[in-house]
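S.K.: Just so it is clear, I am handing over work-v9.txt, which has compact mmCIF, C-alpha atoms and all ligand atoms.
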```
# COMPACT_ATOMS: atom_id res chain seq x y z
CA MET A 1 -22.98 3.59 11.79
CA LYS A 2 -19.73 4.24 13.60
CA VAL A 3 -16.93 1.76 13.05
CA LEU A 4 -13.70 1.42 14.99
CA GLY A 5 -10.87 0.35 12.66
CA ILE A 6 -7.71 -1.40 13.83
CA GLU A 7 -4.60 -1.85 11.69
CA SER A 8 -1.42 -3.66 12.72
CA SER A 9 -0.30 -5.56 9.61
CA CYS A 10 3.20 -4.14 9.38
CA ASP A 11 5.02 -1.42 11.31
CA GLU A 12 2.23 1.06 12.13
CA THR A 13 -0.08 0.57 15.09
CA ALA A 14 -3.22 2.38 14.02
CA ALA A 15 -6.82 2.90 15.12
CA ALA A 16 -9.55 5.16 13.75
CA VAL A 17 -13.26 5.83 14.11
CA VAL A 18 -15.19 6.44 10.88
CA GLU A 19 -18.89 7.16 10.50
CA ASP A 20 -20.85 5.68 7.58
CA GLY A 21 -17.69 4.73 5.69
CA LYS A 22 -16.71 8.36 5.09
CA LYS A 23 -16.68 10.76 8.01
CA ILE A 24 -13.40 10.45 9.86
CA LEU A 25 -13.99 11.12 13.55
CA SER A 26 -10.45 10.16 14.57
CA ASN A 27 -7.36 8.69 12.94
CA VAL A 28 -4.38 7.70 15.11
CA VAL A 29 -1.19 6.23 13.62
CA ALA A 30 1.72 5.30 15.89
CA THR A 31 4.66 4.72 13.60
CA GLN A 32 7.47 2.37 14.55
CA ILE A 33 9.86 3.80 11.95
CA PRO A 34 12.47 5.02 14.52
CA PHE A 35 12.71 1.48 15.97
CA HIS A 36 13.43 -0.14 12.62
CA GLN A 37 15.58 2.67 11.21
CA ALA A 38 18.78 1.34 12.77
CA TYR A 39 18.30 -1.92 10.84
CA ASN A 40 17.30 -0.19 7.57
CA GLY A 41 14.29 -2.46 7.37
CA ILE A 42 11.43 -3.90 9.40
CA VAL A 43 12.40 -6.39 12.10
CA PRO A 44 9.26 -8.56 12.54
CA GLU A 45 9.96 -9.39 16.18
CA ILE A 46 10.31 -5.70 17.11
CA ALA A 47 7.15 -4.90 15.13
CA SER A 48 5.02 -7.46 17.03
CA ARG A 49 6.36 -6.35 20.41
CA LYS A 50 5.63 -2.68 19.69
CA HIS A 51 2.10 -3.54 18.56
CA VAL A 52 1.50 -5.39 21.84
CA GLU A 53 2.77 -2.36 23.77
CA TRP A 54 0.88 0.27 21.80
CA ILE A 55 -2.42 -1.26 20.70
CA LEU A 56 -4.40 -0.42 23.84
CA PRO A 57 -3.27 3.24 24.15
CA VAL A 58 -3.72 3.79 20.41
CA VAL A 59 -7.30 2.38 20.43
CA ARG A 60 -8.09 4.40 23.59
CA GLN A 61 -6.80 7.57 21.91
CA ALA A 62 -8.81 6.93 18.74
CA ILE A 63 -12.04 6.43 20.70
CA GLY A 64 -11.28 9.45 22.91
CA GLU A 65 -10.55 11.75 19.96
CA SER A 66 -13.73 10.63 18.16
CA GLY A 67 -15.79 12.18 20.96
CA LEU A 68 -17.68 8.91 21.34
CA THR A 69 -17.69 6.27 24.04
CA LEU A 70 -16.99 2.61 23.32
CA GLU A 71 -20.71 1.94 23.82
CA GLN A 72 -21.55 4.20 20.87
CA ILE A 73 -19.38 2.19 18.45
CA ASP A 74 -21.43 -0.11 16.18
CA GLY A 75 -18.70 -2.46 14.97
CA ILE A 76 -14.98 -3.22 15.01
CA ALA A 77 -13.11 -3.68 11.73
CA VAL A 78 -9.61 -5.14 11.71
CA THR A 79 -6.98 -6.12 9.16
CA ASN A 80 -6.47 -9.89 9.12
CA ARG A 81 -4.39 -10.19 5.92
CA PRO A 82 -1.89 -9.77 4.29
CA GLY A 83 1.05 -8.73 6.44
CA LEU A 84 3.55 -9.93 9.03
CA MET A 85 1.94 -12.81 10.90
CA GLY A 86 3.05 -11.73 14.39
CA SER A 87 1.90 -8.15 13.73
CA LEU A 88 -1.49 -9.17 12.29
CA LEU A 89 -2.23 -11.44 15.24
CA VAL A 90 -1.91 -8.58 17.72
CA GLY A 91 -4.59 -6.46 16.03
CA LEU A 92 -6.84 -9.39 15.19
CA ASN A 93 -6.82 -10.87 18.67
CA PHE A 94 -7.32 -7.44 20.20
CA ALA A 95 -10.37 -6.86 17.97
CA LYS A 96 -11.79 -10.31 18.72
CA THR A 97 -11.39 -9.77 22.44
CA LEU A 98 -12.96 -6.31 22.31
CA SER A 99 -15.84 -7.73 20.29
CA TRP A 100 -16.32 -10.55 22.80
CA ILE A 101 -16.25 -8.20 25.81
CA THR A 102 -18.57 -5.56 24.34
CA GLY A 103 -20.83 -7.82 22.28
CA LYS A 104 -20.19 -5.59 19.22
CA PRO A 105 -19.74 -7.32 15.85
CA PHE A 106 -16.28 -7.49 14.34
CA ILE A 107 -15.26 -7.57 10.69
CA ALA A 108 -11.96 -8.96 9.40
CA VAL A 109 -10.89 -7.07 6.27
CA ASN A 110 -8.20 -7.39 3.65
CA HIS A 111 -5.51 -4.72 3.97
CA MET A 112 -5.13 -4.39 0.18
CA LEU A 113 -8.86 -3.73 -0.30
CA GLY A 114 -8.43 -1.16 2.46
CA HIS A 115 -5.71 0.60 0.45
CA ILE A 116 -8.06 0.83 -2.54
CA TYR A 117 -10.92 2.00 -0.30
CA ALA A 118 -8.74 4.83 1.09
CA ALA A 119 -9.60 7.11 -1.85
CA HIS A 120 -13.33 6.65 -1.09
CA LEU A 121 -12.82 8.34 2.30
CA GLU A 122 -12.35 11.65 0.52
CA LYS A 123 -14.30 11.35 -2.72
CA GLU A 124 -17.42 9.81 -4.27
CA ILE A 125 -16.12 7.24 -6.77
CA ALA A 126 -18.36 5.14 -9.02
CA TYR A 127 -17.59 1.46 -9.73
CA PRO A 128 -16.14 -0.08 -11.83
CA TYR A 129 -12.68 1.43 -12.14
CA LEU A 130 -9.07 0.36 -12.47
CA GLY A 131 -7.42 -0.23 -9.13
CA LEU A 132 -3.71 0.04 -8.45
CA MET A 133 -2.33 -1.19 -5.13
CA VAL A 134 1.34 -0.41 -4.76
CA SER A 135 3.05 -0.97 -1.46
CA GLY A 136 6.10 -2.42 0.25
CA GLY A 137 4.81 -5.95 -0.25
CA HIS A 138 2.52 -5.83 -3.26
CA PHE A 139 1.69 -4.71 -6.76
CA ILE A 140 -1.86 -5.47 -7.83
CA LEU A 141 -3.45 -4.01 -10.94
CA CYS A 142 -7.13 -4.87 -11.07
CA VAL A 143 -10.64 -3.98 -12.13
CA VAL A 144 -12.57 -2.99 -9.02
CA HIS A 145 -16.24 -3.98 -9.35
CA ASN A 146 -17.25 -3.28 -5.78
CA PHE A 147 -15.74 -2.68 -2.32
CA ASP A 148 -15.01 -6.43 -1.96
CA ASP A 149 -14.97 -7.62 -5.57
CA ILE A 150 -11.85 -7.21 -7.66
CA GLU A 151 -10.63 -8.90 -10.81
CA VAL A 152 -6.85 -9.12 -10.76
CA LEU A 153 -5.17 -8.26 -14.05
CA GLY A 154 -1.54 -8.16 -12.99
CA THR A 155 0.80 -8.70 -10.05
CA THR A 156 4.55 -8.65 -9.59
CA ILE A 157 6.45 -11.72 -10.67
CA ASP A 158 9.20 -11.05 -8.10
CA ASP A 159 9.71 -7.95 -5.89
CA ALA A 160 7.08 -5.36 -5.00
CA PRO A 161 7.77 -1.77 -6.08
CA GLY A 162 8.16 -0.47 -2.51
CA GLU A 163 10.55 -3.31 -1.76
CA ALA A 164 12.75 -2.22 -4.68
CA PHE A 165 12.75 1.39 -3.41
CA ASP A 166 13.61 0.18 0.10
CA LYS A 167 16.40 -2.18 -1.00
CA VAL A 168 18.11 0.32 -3.30
CA ALA A 169 17.92 2.97 -0.56
CA LYS A 170 19.31 0.53 1.99
CA PHE A 171 22.25 -0.41 -0.24
CA TYR A 172 23.21 3.21 -0.87
CA GLY A 173 22.40 4.38 2.66
CA PHE A 174 19.76 6.86 1.49
CA GLY A 175 17.60 6.35 4.59
CA TYR A 176 14.62 4.36 5.78
CA PRO A 177 11.95 3.94 4.57
CA GLY A 178 13.51 4.05 1.13
CA GLY A 179 10.55 5.27 -0.93
CA PRO A 180 10.22 8.76 0.55
CA ALA A 181 14.03 9.09 0.77
CA ILE A 182 14.48 8.33 -2.95
CA ASP A 183 11.51 10.51 -3.90
CA LYS A 184 13.11 13.45 -2.09
CA LEU A 185 16.66 12.92 -3.40
CA ALA A 186 15.40 12.44 -6.95
CA LYS A 187 14.00 15.98 -7.03
CA ASN A 188 17.56 17.31 -7.33
CA GLY A 189 18.90 14.55 -9.56
CA ASN A 190 19.17 13.86 -13.28
CA ALA A 191 16.89 11.00 -14.34
CA GLU A 192 18.94 10.61 -17.54
CA ALA A 193 22.15 9.84 -15.65
CA ALA A 194 21.66 6.08 -15.98
CA HIS A 195 19.47 4.19 -18.43
CA PHE A 196 17.98 0.82 -17.52
CA SER A 197 16.17 -1.57 -19.82
CA MET A 198 12.55 -2.64 -19.40
CA PRO A 199 11.94 -6.15 -18.03
CA HIS A 200 11.17 -8.80 -20.64
CA LEU A 201 8.08 -10.64 -19.51
CA LYS A 202 6.87 -13.92 -20.95
CA PRO A 203 3.61 -14.05 -22.94
CA GLY A 204 0.64 -14.07 -20.57
CA HIS A 205 2.30 -11.53 -18.26
CA SER A 206 1.49 -8.31 -20.05
CA TYR A 207 -0.19 -6.73 -16.98
CA ASP A 208 2.55 -7.89 -14.61
CA VAL A 209 5.65 -6.09 -13.40
CA SER A 210 9.13 -7.24 -12.40
CA TYR A 211 11.55 -5.32 -10.22
CA SER A 212 14.36 -7.74 -9.45
CA GLY A 213 16.23 -6.85 -12.68
CA LEU A 214 16.12 -3.11 -11.97
CA LYS A 215 17.07 -3.66 -8.33
CA THR A 216 20.06 -5.84 -9.23
CA ALA A 217 21.16 -3.50 -12.00
CA CYS A 218 20.92 -0.50 -9.71
CA ILE A 219 22.73 -2.15 -6.84
CA HIS A 220 25.36 -4.37 -8.46
CA ARG A 221 25.77 -3.31 -12.07
CA LEU A 222 25.12 0.40 -12.08
CA GLU A 223 28.45 1.19 -13.82
CA GLN A 224 27.22 -0.65 -16.88
CA PHE A 225 24.25 1.70 -17.26
CA TRP A 226 26.03 4.91 -16.38
CA HIS A 227 26.52 7.72 -18.90
CA GLN A 228 30.07 9.02 -18.85
CA ASP A 229 29.19 12.70 -18.74
CA PHE A 230 27.10 12.46 -15.56
CA GLU A 231 28.31 12.44 -11.99
CA LYS A 232 27.40 9.39 -9.89
CA THR A 233 25.73 11.27 -7.04
CA PRO A 234 23.00 10.00 -4.65
CA GLU A 235 20.59 12.41 -6.37
CA ASN A 236 21.37 11.04 -9.83
CA ILE A 237 21.15 7.41 -8.69
CA ALA A 238 17.80 8.11 -7.01
CA ALA A 239 16.38 9.99 -10.00
CA SER A 240 17.47 7.37 -12.57
CA PHE A 241 16.17 4.48 -10.47
CA GLN A 242 12.87 6.20 -9.75
CA GLU A 243 12.34 7.09 -13.42
CA GLN A 244 12.68 3.44 -14.42
CA ALA A 245 10.68 2.10 -11.45
CA ILE A 246 7.72 4.27 -12.47
CA LYS A 247 8.14 3.44 -16.17
CA ILE A 248 7.83 -0.26 -15.27
CA LEU A 249 4.54 0.45 -13.47
CA ALA A 250 3.11 2.69 -16.13
CA ARG A 251 3.41 0.12 -18.95
CA PRO A 252 0.77 -2.40 -17.76
CA ILE A 253 -1.46 0.45 -16.58
CA ALA A 254 -1.50 2.06 -20.03
CA LYS A 255 -2.35 -1.34 -21.54
CA ALA A 256 -5.14 -1.95 -19.02
CA VAL A 257 -6.67 1.46 -19.79
CA LYS A 258 -6.68 0.58 -23.50
CA ASP A 259 -7.97 -2.98 -23.06
CA THR A 260 -10.71 -2.35 -20.48
CA GLY A 261 -11.89 1.04 -21.72
CA LEU A 262 -12.12 2.16 -18.08
CA LYS A 263 -11.45 5.86 -17.67
CA THR A 264 -10.79 6.08 -13.94
CA LEU A 265 -7.89 4.69 -11.95
CA VAL A 266 -7.82 4.68 -8.16
CA ALA A 267 -4.43 4.16 -6.53
CA GLY A 268 -3.55 3.18 -2.99
CA GLY A 269 -0.63 1.95 -0.87
CA GLY A 270 2.59 3.60 0.24
CA VAL A 271 4.12 3.88 -3.24
CA ALA A 272 1.03 5.80 -4.41
CA ALA A 273 2.56 8.68 -2.42
CA ASN A 274 5.39 8.87 -4.97
CA SER A 275 5.48 12.24 -6.72
CA LEU A 276 6.73 10.92 -10.07
CA LEU A 277 4.11 8.13 -10.10
CA ARG A 278 1.41 10.75 -9.60
CA LYS A 279 2.83 12.88 -12.41
CA ARG A 280 3.34 10.04 -14.91
CA LEU A 281 -0.05 8.41 -14.35
CA GLY A 282 -1.63 11.83 -14.72
CA GLU A 283 -0.11 11.98 -18.20
CA ILE A 284 -1.84 8.79 -19.47
CA LYS A 285 -4.34 9.79 -22.14
CA ASP A 286 -8.09 9.46 -21.38
CA LEU A 287 -7.47 8.55 -17.76
CA GLN A 288 -8.64 10.27 -14.59
CA CYS A 289 -6.34 9.28 -11.70
CA ILE A 290 -7.55 9.46 -8.13
CA PHE A 291 -4.96 9.39 -5.36
CA PRO A 292 -5.74 9.51 -1.64
CA SER A 293 -4.08 12.24 0.45
CA LEU A 294 -0.60 11.19 1.54
CA LYS A 295 -1.75 10.27 5.07
CA TYR A 296 -4.26 7.76 3.63
CA CYS A 297 -1.75 6.26 1.15
CA THR A 298 0.46 4.70 3.79
CA ASP A 299 -0.90 2.32 6.42
CA ASN A 300 -3.77 3.72 8.50
CA ALA A 301 -6.90 2.44 10.20
CA ALA A 302 -9.35 4.94 8.68
CA MET A 303 -9.32 2.94 5.45
CA ILE A 304 -10.01 -0.25 7.44
CA ALA A 305 -12.89 1.32 9.39
CA GLY A 306 -14.32 2.85 6.19
CA LEU A 307 -14.25 -0.46 4.35
CA GLY A 308 -15.56 -2.30 7.41
CA PHE A 309 -18.70 -0.14 7.37
CA HIS A 310 -19.76 -1.63 4.02
CA TYR A 311 -19.44 -5.20 5.33
CA LEU A 312 -21.33 -4.23 8.47
CA LYS A 313 -24.09 -2.56 6.46
CA ALA A 314 -24.41 -5.74 4.37
CA GLY A 315 -24.60 -7.83 7.57
CA ARG A 316 -21.38 -9.60 6.68
CA THR A 317 -19.65 -9.80 10.03
CA SER A 318 -16.91 -12.25 11.02
CA THR A 319 -16.90 -15.10 13.50
CA SER A 320 -14.23 -15.78 16.10
CA ASP A 321 -12.67 -18.60 14.05
CA VAL A 322 -11.29 -16.10 11.50
CA THR A 323 -7.51 -16.34 11.37
CA ALA A 324 -4.71 -14.07 10.23
CA SER A 325 -2.80 -14.80 7.03
CA PRO A 326 0.42 -13.36 5.60
CA ARG A 327 -0.96 -13.88 2.09
CA VAL A 328 -3.36 -11.76 0.02
CA THR A 329 -5.48 -14.80 -1.04
CA GLY A 330 -8.93 -15.00 -2.48
CA PHE A 331 -8.59 -12.72 -5.51
CA SER A 332 -9.12 -14.23 -8.95
CA LYS A 333 -6.85 -13.58 -11.92
CA LYS A 334 -9.19 -14.09 -14.83
CA GLY A 335 -6.58 -13.94 -17.56
CA ARG A 336 -7.50 -11.05 -19.85
CA GLN A 337 -3.91 -11.08 -21.12
O1 LIG B 401 1.30 0.71 2.24
P1 LIG B 401 2.53 0.83 3.08
O2 LIG B 401 2.55 1.90 4.12
O3 LIG B 401 2.84 -0.53 3.80
C1 LIG B 401 2.68 -1.75 3.15
O4 LIG B 401 1.51 -2.23 3.15
O5 LIG B 401 3.69 -2.22 2.57
O6 LIG B 401 3.74 1.02 2.06
C2 LIG B 401 5.05 1.15 2.50
C3 LIG B 401 5.95 1.24 1.26
C4 LIG B 401 7.42 1.27 1.61
O7 LIG B 401 8.10 0.36 0.76
C5 LIG B 401 7.83 2.71 1.32
O8 LIG B 401 9.19 2.84 0.94
C6 LIG B 401 6.90 3.05 0.17
O9 LIG B 401 5.67 2.45 0.54
N1 LIG B 401 6.72 4.50 0.00
C7 LIG B 401 7.11 5.16 -1.12
C8 LIG B 401 6.85 6.54 -0.88
N2 LIG B 401 6.29 6.66 0.36
C9 LIG B 401 6.21 5.40 0.89
N3 LIG B 401 7.67 4.71 -2.25
C10 LIG B 401 7.97 5.61 -3.21
N4 LIG B 401 7.77 6.95 -3.05
C11 LIG B 401 7.21 7.45 -1.92
N5 LIG B 401 7.02 8.78 -1.79
ZN ZN B 402 -0.14 -1.17 3.38
```
Please re-express this file's structure in structure tokens.

M.R.:
Amino acid sequence: MKVLGIESSCDETAAAVVEDGKKILSNVVATQIPFHQAYNGIVPEIASRKHVEWILPVVRQAIGESGLTLEQIDGIAVTNRPGLMGSLLVGLNFAKTLSWITGKPFIAVNHMLGHIYAAHLEKEIAYPYLGLMVSGGHFILCVVHNFDDIEVLGTTIDDAPGEAFDKVAKFYGFGYPGGPAIDKLAKNGNAEAAHFSMPHLKPGHSYDVSYSGLKTACIHRLEQFWHQDFEKTPENIAASFQEQAIKILARPIAKAVKDTGLKTLVAGGGVAANSLLRKRLGEIKDLQCIFPSLKYCTDNAAMIAGLGFHYLKAGRTSTSDVTASPRVTGFSKKGRQ
């Protein structure tokens, strides 16, 4: 079955055609980064307007590059949550309309499940495994039982990891988006230049993370954590921040590996592109880490089309009353703490 995927939850207008959940026939991503760069962050109104402008040409290009005609597509998968409401509505309403015009079924899918599915595009992975979704808006550590069944172990109690990267980079003028900018600068910096403390989480939060303390320390109180013999350069700030940001992530992951006995972790989301994250998680004992290629870590529609195939195969299509939602919703946190 050939599925057309549509993704417009944030600042990428994307469409892809994927066969049987695996074979990528086309994958088009139109990034809005240059339009938001001047503001050092995403401007929701600009994002929605660009999606409106680009969605039709991007979908046309994806179908054209797949070598198929619209008639040969079996279903349309689209992100309906979580994300920016105005952005989500563009993709969702486009997919609904296309479904209505062509009579093809459409499937509304969760963007975060799409991020986890991304690794399946390139590799056979057996369930269950530990899932790590790390992006600009989320941190979710979970046990993944199936393509649509996850058991949430931990989330963030305040900021998402990508948000912390973006805000620190914005404050110091390192560039936008902040994650890749810090990752690059950090390569030439000294991670020992500043030492930050680990967040203290209340009992019952042992799989959770917190980033607001690190963000505030790095932005407003960096002097306090600075070692006298190191120069306060952009490279050193980036390397010290990144070291601690990844240490914060690695703690609940190491605990989850121990507690669940699961030996595989699949990561997804923009922050999964981080080079230090990849290195540090690779060092956790008894754990095989699977990361998607960089182009499938950040937002794309191939992961949405791939995931959509499994819903379609199971006959679980959506009806036109499905709405968009800015929230993740629907995942259970079963309290293994
Ligand atoms: O998954 P994504 O493309 O969009 C969301 O669903 O949020 O993730 C974007 C986030 C941004 O915060 C960006 O700074 C971060 O992923 N990111 C990175 C790296 N590449 C992207 N963070 C750290 N290191 C990277 N190499
Ligand atoms: Zn994303």

S.K.: Could you list, as a VMD selection string, all residues that come within 8 Å of ligand LIG 401 (chain B)? Count all atoms listed in the file.

M.R.: chain A and resid 9 to 11 83 111 to 112 115 134 to 138 161 to 166 176 to 184 268 to 275 297 to 300

S.K.: For ligand ZN 402 (chain B), which of A:Ala256, A:Ile284, A:Leu153, A:Ala118 is the closest residue, counting all atoms listed in the file?

M.R.: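 Between A:Ala256, A:Ile284, A:Leu153, A:Ala118, the residue approaching ligand ZN 402 (chain B) most closely is A:Ala118.
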
S.K.: Do you have the CA of Leu307 in chain A-CA of Asp286 in chain A distance handy?

M.R.: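 Calculated distance between CA of Leu307 in chain A and CA of Asp286 in chain A is 28.3 Å.
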
S.K.: Give me the residues within 12 Å of Leu276 in chain A as a PyMOL selection string, counting only C-alpha atoms and dropping any in the same chain fewer than 3 places off.

M.R.: chain A and resi 179-180+182-184+186-187+191+238-247+249-250+271-273+279-283

S.K.: Could you write out that same residue set with C-alpha atoms as a tab-separated table (two decimals), in the frame of the given file?

M.R.:
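Once written, part_25.tsv looks like this:
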```tsv
chain	number	residue	atom	x	y	z
A	179	GLY	CA	10.55	5.27	-0.93
A	180	PRO	CA	10.22	8.76	0.55
A	182	ILE	CA	14.48	8.33	-2.95
A	183	ASP	CA	11.51	10.51	-3.90
A	184	LYS	CA	13.11	13.45	-2.09
A	186	ALA	CA	15.40	12.44	-6.95
A	187	LYS	CA	14.00	15.98	-7.03
A	191	ALA	CA	16.89	11.00	-14.34
A	238	ALA	CA	17.80	8.11	-7.01
A	239	ALA	CA	16.38	9.99	-10.00
A	240	SER	CA	17.47	7.37	-12.57
A	241	PHE	CA	16.17	4.48	-10.47
A	242	GLN	CA	12.87	6.20	-9.75
A	243	GLU	CA	12.34	7.09	-13.42
A	244	GLN	CA	12.68	3.44	-14.42
A	245	ALA	CA	10.68	2.10	-11.45
A	246	ILE	CA	7.72	4.27	-12.47
A	247	LYS	CA	8.14	3.44	-16.17
A	249	LEU	CA	4.54	0.45	-13.47
A	250	ALA	CA	3.11	2.69	-16.13
A	271	VAL	CA	4.12	3.88	-3.24
A	272	ALA	CA	1.03	5.80	-4.41
A	273	ALA	CA	2.56	8.68	-2.42
A	279	LYS	CA	2.83	12.88	-12.41
A	280	ARG	CA	3.34	10.04	-14.91
A	281	LEU	CA	-0.05	8.41	-14.35
A	282	GLY	CA	-1.63	11.83	-14.72
A	283	GLU	CA	-0.11	11.98	-18.20
```

S.K.: So, counting only C-alpha atoms, which residue among A:Val257, A:Ile6, A:Ile46, A:Ile33 is closest to Val58 in chain A?

M.R.: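 Ranked by minimum distance to Val58 in chain A, first place goes to A:Ile6.
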
S.K.: Set the distance at 7 Å and use only C-alpha atoms: which residues neighbour Lys215 in chain A once local chain neighbours fewer than 3 positions away are removed? I'd like the list as a ChimeraX atom specification.

M.R.: /A:164,168,211-212,218-219

S.K.: Just to confirm, what's the straight-line distance from CA of Thr264 in chain A to CA of Thr79 in chain A in Å (one decimal)?

M.R.: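 According to the coordinates, CA of Thr264 in chain A and CA of Thr79 in chain A are separated by 26.4 Å.
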
S.K.: Separation of CA of Val29 in chain A and CA of Gln61 in chain A, in Å?

M.R.: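 Interatomic distance here is 10.1 Å.
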
S.K.: As a short mmCIF file (atom, residue, chain, number, x, y, z; two decimals), in the frame of the given file, could you write out range 298-305 of chain A once it has been completed with all heavy atoms?

M.R.:
```
data_model
loop_
_atom_site.label_atom_id
_atom_site.label_comp_id
_atom_site.auth_asym_id
_atom_site.auth_seq_id
_atom_site.Cartn_x
_atom_site.Cartn_y
_atom_site.Cartn_z
N THR A 298 -0.28 5.65 2.96
CA THR A 298 0.46 4.70 3.79
C THR A 298 -0.50 4.09 4.82
O THR A 298 -1.66 4.50 4.94
CB THR A 298 1.65 5.41 4.49
OG1 THR A 298 1.18 6.64 4.99
CG2 THR A 298 2.78 5.66 3.52
N ASP A 299 -0.01 3.09 5.55
CA ASP A 299 -0.90 2.32 6.42
C ASP A 299 -1.63 3.19 7.45
O ASP A 299 -1.01 4.02 8.13
CB ASP A 299 -0.10 1.22 7.12
CG ASP A 299 0.32 0.14 6.13
OD1 ASP A 299 -0.16 0.16 4.98
OD2 ASP A 299 1.13 -0.72 6.51
N ASN A 300 -2.93 2.97 7.54
CA ASN A 300 -3.77 3.72 8.50
C ASN A 300 -5.00 2.88 8.79
O ASN A 300 -5.29 1.92 8.07
CB ASN A 300 -4.15 5.07 7.89
CG ASN A 300 -5.04 4.94 6.68
OD1 ASN A 300 -6.26 4.86 6.80
ND2 ASN A 300 -4.46 4.83 5.49
N ALA A 301 -5.72 3.23 9.83
CA ALA A 301 -6.90 2.44 10.20
C ALA A 301 -8.20 3.06 9.71
O ALA A 301 -9.24 2.41 9.75
CB ALA A 301 -6.94 2.26 11.72
N ALA A 302 -8.12 4.31 9.20
CA ALA A 302 -9.35 4.94 8.68
C ALA A 302 -9.85 4.15 7.48
O ALA A 302 -11.06 3.93 7.31
CB ALA A 302 -9.07 6.40 8.31
N MET A 303 -8.92 3.71 6.63
CA MET A 303 -9.32 2.94 5.45
C MET A 303 -9.94 1.59 5.86
O MET A 303 -10.84 1.08 5.19
CB MET A 303 -8.11 2.73 4.51
CG MET A 303 -6.99 1.86 5.07
SD MET A 303 -5.56 1.83 3.95
CE MET A 303 -4.62 0.45 4.66
N ILE A 304 -9.48 1.04 6.97
CA ILE A 304 -10.01 -0.25 7.44
C ILE A 304 -11.42 -0.04 8.04
O ILE A 304 -12.35 -0.81 7.75
CB ILE A 304 -9.06 -0.86 8.51
CG1 ILE A 304 -7.64 -1.03 7.93
CG2 ILE A 304 -9.60 -2.19 9.07
CD1 ILE A 304 -7.53 -1.88 6.68
N ALA A 305 -11.58 1.02 8.81
CA ALA A 305 -12.89 1.32 9.39
C ALA A 305 -13.90 1.66 8.29
O ALA A 305 -15.05 1.21 8.32
CB ALA A 305 -12.77 2.49 10.37
#
```
